[in-house]
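Asker: This one is upload_36.txt, compact mmCIF, C-alpha atoms.
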# COMPACT_ATOMS: atom_id res chain seq x y z
CA MET A 1 61.14 154.34 119.13
CA LEU A 2 58.80 151.88 117.41
CA GLN A 3 57.57 153.06 113.99
CA LEU A 4 53.92 152.03 113.61
CA ASN A 5 51.75 151.83 110.54
CA GLU A 6 48.42 153.65 110.90
CA LYS A 7 46.39 150.51 111.65
CA MET A 8 48.82 149.52 114.40
CA TYR A 9 48.84 153.11 115.64
CA HIS A 10 45.06 153.25 116.10
CA ALA A 11 45.05 149.85 117.84
CA TRP A 12 47.78 151.10 120.16
CA MET A 13 45.82 154.32 120.90
CA LYS A 14 42.80 152.25 121.87
CA ASN A 15 44.60 149.72 124.06
CA SER A 16 47.77 151.32 125.41
CA PRO A 17 47.53 152.28 129.09
CA SER A 18 50.68 154.40 128.91
CA GLU A 19 49.84 156.94 126.24
CA LEU A 20 51.20 160.45 126.72
CA PRO A 21 48.96 163.47 127.40
CA VAL A 22 47.44 164.82 124.19
CA GLN A 23 47.12 168.54 123.51
CA VAL A 24 47.70 171.17 120.84
CA GLN A 25 51.37 172.15 120.62
CA PHE A 26 52.98 175.28 119.19
CA ASP A 27 56.52 175.29 117.83
CA GLN A 28 58.49 178.44 117.05
CA ILE A 29 60.85 177.78 114.13
CA ASP A 30 64.38 179.09 114.64
CA ALA A 31 67.06 179.83 112.05
CA ASP A 32 68.66 176.41 112.39
CA GLN A 33 65.34 174.65 111.67
CA ALA A 34 64.46 176.85 108.69
CA GLY A 35 64.62 175.55 105.15
CA GLN A 36 63.30 172.03 105.70
CA ARG A 37 59.99 170.75 104.36
CA ILE A 38 57.20 170.72 106.89
CA ASP A 39 56.40 167.03 106.28
CA ASN A 40 59.99 166.04 107.09
CA TYR A 41 59.95 168.28 110.16
CA LEU A 42 56.77 166.64 111.47
CA ILE A 43 57.97 163.09 110.79
CA THR A 44 61.01 163.83 112.96
CA ARG A 45 59.06 165.87 115.52
CA LEU A 46 56.29 163.28 115.96
CA LYS A 47 58.54 160.27 116.46
CA GLY A 48 56.50 157.06 116.51
CA ALA A 49 53.54 158.43 114.53
CA PRO A 50 52.98 156.78 111.12
CA LYS A 51 53.80 158.85 108.05
CA THR A 52 50.25 158.39 106.74
CA LEU A 53 48.96 160.17 109.85
CA VAL A 54 51.39 163.06 109.32
CA TYR A 55 50.20 163.56 105.74
CA ARG A 56 46.56 163.24 106.76
CA ILE A 57 46.74 166.02 109.37
CA LEU A 58 48.54 168.20 106.81
CA ARG A 59 45.96 167.45 104.10
CA LYS A 60 43.02 168.19 106.45
CA GLY A 61 44.53 171.50 107.52
CA GLU A 62 44.96 170.46 111.15
CA VAL A 63 48.56 171.64 110.96
CA ARG A 64 48.80 175.42 110.63
CA VAL A 65 51.72 177.73 109.96
CA ASN A 66 51.14 181.31 111.09
CA LYS A 67 47.42 180.35 111.38
CA GLY A 68 47.22 179.27 107.72
CA ARG A 69 47.09 175.96 105.88
CA VAL A 70 50.21 174.73 104.10
CA LYS A 71 51.07 171.89 101.73
CA PRO A 72 53.51 169.08 102.64
CA ASP A 73 56.27 170.64 100.52
CA TYR A 74 56.11 174.02 102.35
CA ARG A 75 59.58 175.00 103.54
CA LEU A 76 59.68 176.37 107.06
CA GLN A 77 61.06 179.86 107.66
CA ALA A 78 62.68 181.33 110.73
CA GLY A 79 59.99 182.93 112.90
CA ASP A 80 57.16 180.66 111.69
CA THR A 81 54.67 179.60 114.36
CA LEU A 82 53.66 175.98 113.80
CA ARG A 83 50.44 174.59 115.29
CA ILE A 84 50.51 170.82 115.78
CA PRO A 85 47.15 169.15 116.55
CA PRO A 86 46.69 166.58 119.34
CA VAL A 87 48.59 163.42 118.39
CA ARG A 88 49.13 160.49 120.76
CA LEU A 89 52.69 159.17 120.70
CA PRO A 90 54.25 156.09 122.30
CA ALA A 91 55.53 156.75 125.80
CA PRO A 92 59.29 157.18 126.31
CA ASN A 93 59.52 153.75 127.97
CA GLU A 94 58.26 151.92 124.87
CA PRO A 95 60.64 149.12 123.75
CA ALA A 96 63.62 150.34 121.73
CA LEU A 97 63.33 149.80 118.00
CA VAL A 98 66.93 148.88 117.18
CA GLY A 99 68.75 145.98 118.82
CA GLN A 100 71.95 146.50 120.77
CA GLY A 101 74.02 144.45 118.31
CA ILE A 102 73.29 146.83 115.44
CA LEU A 103 73.79 149.86 117.69
CA ASN A 104 77.19 148.53 118.77
CA ALA A 105 78.21 147.90 115.15
CA LEU A 106 77.24 151.43 114.10
CA GLU A 107 78.99 152.99 117.10
CA ALA A 108 82.15 151.05 116.23
CA GLY A 109 81.76 152.13 112.59
CA ILE A 110 81.80 155.89 113.27
CA LEU A 111 84.65 157.34 111.20
CA PHE A 112 84.26 160.99 112.20
CA GLU A 113 82.10 162.96 114.63
CA ASP A 114 81.95 166.55 115.79
CA LYS A 115 79.16 168.83 117.00
CA GLY A 116 77.47 168.98 113.60
CA LEU A 117 78.33 165.86 111.62
CA ILE A 118 78.72 162.09 111.87
CA VAL A 119 80.30 159.96 109.15
CA VAL A 120 79.65 156.26 109.65
CA ASN A 121 80.81 153.17 107.78
CA LYS A 122 77.39 151.76 106.87
CA PRO A 123 77.24 147.95 106.78
CA ALA A 124 76.00 146.22 103.62
CA GLY A 125 72.40 145.04 104.02
CA LEU A 126 71.28 147.85 106.34
CA ALA A 127 68.95 150.44 104.79
CA VAL A 128 69.63 154.12 105.45
CA HIS A 129 66.06 154.65 106.72
CA GLY A 130 62.93 152.71 107.58
CA GLY A 131 59.92 152.36 105.30
CA SER A 132 58.69 150.02 102.55
CA GLY A 133 58.31 147.20 105.04
CA LEU A 134 61.47 148.05 107.02
CA ASN A 135 60.99 149.09 110.63
CA PHE A 136 64.25 150.97 110.87
CA GLY A 137 67.44 151.98 109.13
CA VAL A 138 70.68 153.79 109.92
CA ILE A 139 69.03 157.13 110.69
CA GLU A 140 66.59 155.62 113.22
CA ALA A 141 69.45 153.72 114.84
CA MET A 142 71.65 156.83 115.04
CA ARG A 143 68.82 158.82 116.63
CA GLN A 144 68.58 156.08 119.22
CA LEU A 145 72.34 156.28 119.77
CA ARG A 146 72.30 160.09 119.98
CA PRO A 147 68.97 161.03 121.65
CA ASP A 148 70.38 164.50 122.42
CA CYS A 149 70.46 165.33 118.67
CA PRO A 150 66.77 165.86 117.70
CA GLN A 151 67.68 167.51 114.36
CA MET A 152 69.70 164.56 113.06
CA GLU A 153 69.09 163.90 109.33
CA LEU A 154 70.66 161.97 106.45
CA VAL A 155 72.82 164.18 104.22
CA HIS A 156 72.69 161.70 101.32
CA ARG A 157 71.80 158.05 100.76
CA LEU A 158 73.41 154.74 99.95
CA ASP A 159 71.60 151.73 98.53
CA ARG A 160 70.69 149.17 101.17
CA ASP A 161 73.27 146.64 99.92
CA THR A 162 76.05 149.23 99.43
CA SER A 163 78.48 149.72 102.32
CA GLY A 164 80.74 152.61 103.23
CA CYS A 165 80.86 156.31 104.04
CA LEU A 166 77.51 157.83 104.96
CA MET A 167 77.11 161.40 106.23
CA ILE A 168 74.54 162.27 108.90
CA ALA A 169 74.02 165.90 109.94
CA LYS A 170 73.36 166.68 113.60
CA LYS A 171 72.37 170.29 112.88
CA ARG A 172 70.19 171.90 110.23
CA SER A 173 72.91 174.42 109.40
CA VAL A 174 75.35 171.59 108.61
CA LEU A 175 72.70 169.80 106.54
CA ARG A 176 72.08 172.93 104.45
CA HIS A 177 75.80 173.48 103.89
CA LEU A 178 76.42 169.88 102.81
CA HIS A 179 73.41 169.82 100.49
CA ALA A 180 74.81 172.92 98.79
CA ALA A 181 78.26 171.29 98.67
CA LEU A 182 76.78 168.17 97.04
CA ARG A 183 75.15 170.33 94.35
CA GLY A 184 78.50 171.98 93.65
CA ASP A 185 81.99 170.56 93.85
CA GLY A 186 82.38 170.61 97.64
CA VAL A 187 82.00 166.84 98.06
CA THR A 188 84.01 164.13 96.28
CA LYS A 189 82.84 160.53 96.71
CA CYS A 190 84.92 157.54 95.60
CA TYR A 191 83.59 153.99 95.47
CA GLU A 192 85.17 150.61 94.82
CA ALA A 193 83.39 147.90 92.85
CA LEU A 194 84.21 144.37 91.74
CA VAL A 195 82.97 143.96 88.17
CA ARG A 196 82.76 141.13 85.68
CA GLY A 197 85.48 140.70 83.05
CA ARG A 198 88.50 142.76 82.10
CA TRP A 199 87.62 146.45 82.37
CA PRO A 200 89.62 148.18 79.60
CA ALA A 201 92.03 150.90 80.66
CA SER A 202 90.65 153.05 77.85
CA THR A 203 87.18 153.21 79.47
CA LYS A 204 87.64 156.06 81.91
CA ARG A 205 84.24 157.73 81.70
CA VAL A 206 80.68 156.49 81.24
CA HIS A 207 78.46 159.34 80.12
CA ALA A 208 74.90 158.02 79.77
CA PRO A 209 71.57 159.61 80.83
CA LEU A 210 69.47 157.64 83.31
CA GLN A 211 65.71 157.30 83.65
CA LYS A 212 63.78 155.81 86.60
CA ASN A 213 61.02 153.31 85.87
CA ASN A 214 58.65 151.62 88.31
CA LEU A 215 57.60 148.09 87.45
CA ARG A 216 54.11 146.71 88.12
CA SER A 217 55.51 145.01 91.20
CA GLY A 218 56.42 148.45 92.54
CA GLU A 219 60.14 147.76 92.20
CA ARG A 220 62.21 150.72 91.02
CA MET A 221 64.56 150.13 88.10
CA VAL A 222 66.88 152.60 86.41
CA GLU A 223 67.79 152.40 82.72
CA VAL A 224 69.97 154.25 80.26
CA ASP A 225 67.56 156.40 78.27
CA PRO A 226 68.23 159.37 75.92
CA GLU A 227 65.29 161.14 77.61
CA GLY A 228 66.75 160.62 81.08
CA LYS A 229 68.78 162.90 83.32
CA GLU A 230 72.39 163.81 82.61
CA CYS A 231 74.70 161.31 84.29
CA LEU A 232 78.48 160.86 84.38
CA THR A 233 80.74 158.42 86.23
CA GLU A 234 84.54 158.27 86.07
CA PHE A 235 86.22 154.86 86.41
CA ARG A 236 89.79 153.76 87.13
CA VAL A 237 91.20 150.23 87.20
CA LEU A 238 92.62 149.30 90.62
CA GLU A 239 93.37 145.59 90.20
CA ARG A 240 92.74 142.87 87.63
CA PHE A 241 91.98 139.24 88.37
CA GLY A 242 93.01 137.85 85.00
CA ASP A 243 90.26 138.29 82.44
CA HIS A 244 87.65 137.15 84.93
CA ALA A 245 87.09 140.21 87.14
CA THR A 246 88.35 143.74 87.81
CA LEU A 247 88.38 145.91 90.90
CA VAL A 248 87.59 149.47 89.82
CA GLU A 249 87.33 152.86 91.45
CA ALA A 250 84.13 154.68 90.53
CA ARG A 251 83.70 158.41 91.05
CA PRO A 252 80.14 159.66 90.41
CA ILE A 253 80.21 163.20 89.04
CA THR A 254 76.42 163.37 89.18
CA GLY A 255 74.36 161.74 91.92
CA ARG A 256 71.57 159.64 90.42
CA THR A 257 69.80 156.61 91.85
CA HIS A 258 71.74 153.36 91.17
CA GLN A 259 74.14 155.38 88.98
CA ILE A 260 77.32 153.32 89.40
CA ARG A 261 75.47 150.02 89.16
CA VAL A 262 73.70 150.93 85.92
CA HIS A 263 76.76 152.59 84.34
CA ALA A 264 78.87 149.49 85.10
CA LYS A 265 76.25 147.30 83.42
CA HIS A 266 76.02 149.73 80.48
CA ALA A 267 79.80 149.43 80.02
CA GLY A 268 79.43 145.64 79.85
CA HIS A 269 80.89 144.95 83.29
CA PRO A 270 78.12 144.46 85.87
CA ILE A 271 78.93 144.49 89.59
CA ALA A 272 79.24 141.22 91.50
CA GLY A 273 76.30 140.40 93.74
CA ASP A 274 73.93 142.93 92.13
CA PRO A 275 70.43 141.36 92.10
CA LYS A 276 68.97 144.06 89.82
CA TYR A 277 71.65 144.90 87.29
CA GLY A 278 74.19 142.11 87.71
CA ASP A 279 75.10 138.90 85.91
CA ASP A 280 73.73 135.87 87.77
CA ASP A 281 76.51 133.50 86.71
CA PHE A 282 79.28 135.91 87.72
CA SER A 283 77.57 136.69 91.03
CA ARG A 284 77.21 132.95 91.73
CA GLU A 285 80.93 132.38 91.09
CA VAL A 286 81.88 135.20 93.47
CA ARG A 287 79.40 133.93 96.07
CA GLU A 288 81.05 130.49 95.92
CA LEU A 289 84.29 132.24 96.91
CA GLY A 290 82.56 133.62 100.00
CA GLY A 291 81.35 136.92 98.54
CA LYS A 292 77.74 136.99 99.70
CA ARG A 293 77.04 140.69 99.16
CA LEU A 294 76.85 143.47 96.59
CA PHE A 295 80.46 144.38 95.81
CA LEU A 296 79.99 148.14 95.86
CA HIS A 297 81.60 150.13 98.67
CA ALA A 298 81.72 153.90 99.31
CA ARG A 299 85.44 153.95 100.10
CA SER A 300 86.16 157.63 100.74
CA LEU A 301 84.74 161.12 101.12
CA ARG A 302 86.33 164.52 100.72
CA VAL A 303 84.20 167.36 102.08
CA VAL A 304 84.83 171.09 102.24
CA MET A 305 83.24 172.21 105.51
CA ALA A 306 81.60 175.56 106.21
CA ASP A 307 84.79 176.92 107.78
CA GLY A 308 86.71 176.15 104.58
CA LEU A 309 88.64 173.24 106.07
CA GLU A 310 88.73 169.95 104.17
CA LEU A 311 87.57 166.73 105.80
CA LYS A 312 88.85 163.45 104.37
CA VAL A 313 87.39 160.14 105.54
CA GLU A 314 88.06 156.58 104.40
CA ALA A 315 86.13 153.39 105.22
CA GLN A 316 87.42 149.82 105.03
CA PRO A 317 85.06 147.35 103.30
CA GLY A 318 85.63 144.62 105.86
CA PRO A 319 86.96 141.06 106.14
CA SER A 320 84.37 139.38 103.87
CA TRP A 321 85.30 141.73 101.01
CA ASP A 322 89.04 141.29 101.60
CA SER A 323 88.89 137.50 101.86
CA THR A 324 86.88 137.23 98.61
CA LEU A 325 89.44 139.33 96.73
CA GLY A 326 92.19 137.16 98.24
CA ARG A 327 90.54 134.02 96.86
CA LEU A 328 90.18 135.67 93.46
CA ARG A 329 93.91 136.40 93.42
CA ASN A 330 94.64 132.75 94.10
CA ALA A 331 92.03 131.34 91.72
Please express what this file holds, its structure, as C-alpha cells.
Answerer:
Amino acid sequence: MLQLNEKMYHAWMKNSPSELPVQVQFDQIDADQAGQRIDNYLITRLKGAPKTLVYRILRKGEVRVNKGRVKPDYRLQAGDTLRIPPVRLPAPNEPALVGQGILNALEAGILFEDKGLIVVNKPAGLAVHGGSGLNFGVIEAMRQLRPDCPQMELVHRLDRDTSGCLMIAKKRSVLRHLHAALRGDGVTKCYEALVRGRWPASTKRVHAPLQKNNLRSGERMVEVDPEGKECLTEFRVLERFGDHATLVEARPITGRTHQIRVHAKHAGHPIAGDPKYGDDDFSREVRELGGKRLFLHARSLRVVMADGLELKVEAQPGPSWDSTLGRLRNA
C-alpha cells in the first residue's frame, strides 16, 4: 500500500476516481488489541493515510474513545469503543509499495515463523520501517507478504545498515510478551562486528552511559555522556586479523540506540563501514577488499516464549561479509 505524505494525500483525494466509500467507523477493541497506543493503532488501521493526518484527527478530537477525546499516547483497553472519522484511503487495487525482488529476498530470509511470530534475516541497507523520506521498510514489506496478519508489528529495531535477526509479532499478545521479555532477561541478542585494530582480550565489558543528541541537520547522534542512560555491552574476541582488525561478538545487556557502534568507538575500535562513528581510513581499506557495508550483524537470538519454551535462531551474514573476511585472512 502506497504511503503518502499529506500533500500527496489531498491531491489524490481530489483526483482519484477509485477512492473508497467514506463514512464514520466504530471499532470494538478486544483483549488482543489492548495495550497499544492509539496513534500506532490508527497508523496500522488506516493504511495509506499519512501520519500527519492521523495526528491531526486525534488533536482535533475527531477520534473518540468511549465518546471522549484522547491524546495520541492513550493506551487502548479491552472493551473500548473507538470512533474513527471519515478518512479516504487508497483503493485495494492501488499499486503495491514494495517490489517483488525485495519481497522474495525477505521471504527467503525468514528464519522462523509460527502463528504469532516471524524472525527474518534483515538485509543491510533496508530500514525496519518507512518514514524520514523512506517509502517503506521491513514492516511494510512483511505486511504486504502477510496480508492476513493485520496486527503485525515490529518487536524491536535494527539500524538500517545493520543486518540480521529481526523479530516481528503477528499478534498483540505475542508483542506484549516479547516487550516484557526484552525488559527482563527473556531475550539474549548476540551480534558480530568487524572492528579496527587489535581488540584486547582483557576488554570484555564496556560500561558507559549514552546520551542522544540531534544536530542542526536533524541527524541523530549518540555520545558517551555521564548524564546519559545506563548502558552496558559485553564483548568477546572471535578472530584476529593481525593487528589490523578483529572480529568480535557483542552482547548488548541494555538496548540503547546505536549502543554497540558507540561503545566500540569508545573502546578505541570503531566498526568497519560505520559512516557516523567509524574511522574513514579503516572503512576505506575494508571497502577496497569488497566490504561495502556496515560490518555489524545481529547473528543470533535466544527467546523464552510465553509457553516457557526457548527459541534459538541464528542468521548468516551473507557472501559479501564472508568474502571480505576471507580477503582479510589472506592480506
Asker: What's around A:Leu106 at 10 Å? Count all atoms listed in the file, leave out sequence neighbours fewer than 5 positions away in its own chain, and write the answer as a PyMOL selection string.
Answerer: chain A and resi 100-101+111+120-123+138+141-142+145
Asker: Find the nearest atom pair between each residue of stretch 54-137 of chain A and stretch 307-312 of chain A for residues within 12 Å, count only C-alpha atoms, give distances in Å to one decimal, sort rows by chain and ascending number, and present the table as a tab-separated table.
Answerer:
residue	atom	partner	partner_atom	distance
A:Leu111	CA	A:Lys312	CA	10.1
A:Phe112	CA	A:Leu311	CA	9.2
A:Glu113	CA	A:Leu311	CA	11.1
A:Asp114	CA	A:Leu311	CA	11.5
A:Leu117	CA	A:Leu311	CA	11.0
A:Ile118	CA	A:Leu311	CA	11.7
A:Val119	CA	A:Lys312	CA	10.4
Asker: Any idea what's packed within 10 Å of A:Val195, counting only C-alpha atoms, ignoring anything in its chain fewer than 6 positions away? Could you give it as a PyMOL selection string?
Answerer: chain A and resi 240+244-248+261+264-265+268-274+278-279+282-283+295-296
Asker: Between A:Ala49, A:Val174, A:Met152, A:Val24, which one has atoms that come closest to A:Arg64, using all atoms listed in the file?
Answerer: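 Looking only at the distances to A:Arg64, the closest residue turns out to be A:Val24.
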Asker: Interatomic distance between atom CA of A:Ile260 and atom CA of A:Glu223?
Answerer: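 Between atom CA of A:Ile260 and atom CA of A:Glu223 the gap works out to 11.7 Å.
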Asker: Calculate how many Å separate atom CA of A:Thr44 from atom CA of A:Arg56, rounding to one decimal.
Answerer: 15.7 Å
Asker: Using all atoms listed in the file for the distances, tell me which of A:Arg198, A:His156, A:Lys60, A:Arg45 is nearest to A:His179.
Answerer: A:His156
Asker: Expressed in Å to a single decimal, how great is the separation between atom CA of A:Pro50 and atom CA of A:Gln23?
Answerer: 18.1 Å
Asker: Choose the residue, out of A:Leu158, A:Cys165, A:Val98, A:Ile43, that has the smallest atom-to-atom separation from A:Gln144; count only C-alpha atoms.
Answerer: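 Selected residue with least distance to A:Gln144: A:Val98.
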Asker: Please, which residues are within 7 Å of (65.3, 168.1, 109.8) by the file's coordinates, counting all atoms listed in the file, and could they come as a PDB file with C-alpha atoms, in the coordinates of the input?
Answerer:
ATOM      1  CA  GLN A  33      65.340 174.650 111.670  1.00  0.00           C
ATOM      2  CA  GLN A  36      63.300 172.030 105.700  1.00  0.00           C
ATOM      3  CA  ASN A  40      59.990 166.040 107.090  1.00  0.00           C
ATOM      4  CA  TYR A  41      59.950 168.280 110.160  1.00  0.00           C
ATOM      5  CA  THR A  44      61.010 163.830 112.960  1.00  0.00           C
ATOM      6  CA  GLN A 151      67.680 167.510 114.360  1.00  0.00           C
ATOM      7  CA  MET A 152      69.700 164.560 113.060  1.00  0.00           C
ATOM      8  CA  GLU A 153      69.090 163.900 109.330  1.00  0.00           C
ATOM      9  CA  ARG A 172      70.190 171.900 110.230  1.00  0.00           C
TER      10      ARG A 172
END
Asker: When you look at A:Asp27 with a cut-off of 9 Å (counting only C-alpha atoms), what residues show up, excluding the ones that are within fewer than 5 positions of it in the same chain? I need them as a PyMOL selection string.
Answerer: chain A and resi 80-84
Asker: Quick one: residues within 9 Å of A:Thr188, all atoms listed in the file counted, chain neighbours fewer than 4 positions away excluded, as a ChimeraX atom specification?
Answerer: /A:182,251-253,300-303
Asker: So, counting all atoms listed in the file, which residue among A:Gly35, A:Gly164, A:Pro150, A:Gly68 is closest to A:Ala124?
Answerer: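 Counting all atoms listed in the file, the residue closest to A:Ala124 is A:Gly164.
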Asker: Using all atoms listed in the file, which residue out of A:Lys51, A:Ala306, A:Thr257, A:Pro147 lies closest to A:Arg220?
Answerer: A:Thr257
Asker: Can you work out which one of A:Val70, A:Leu238, A:Leu325, A:Ile38 has the shortest atom-to-atom distance to A:Trp199, counting all atoms listed in the file?
Answerer: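 Nearest to A:Trp199: A:Leu238.
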Asker: Hey, what's within 9 Å of A:Glu249 if we count only C-alpha atoms and toss same-chain stuff fewer than 4 positions away? As an NGL selection string, please?
Answerer: :A and (190-193 or 234-238 or 299)
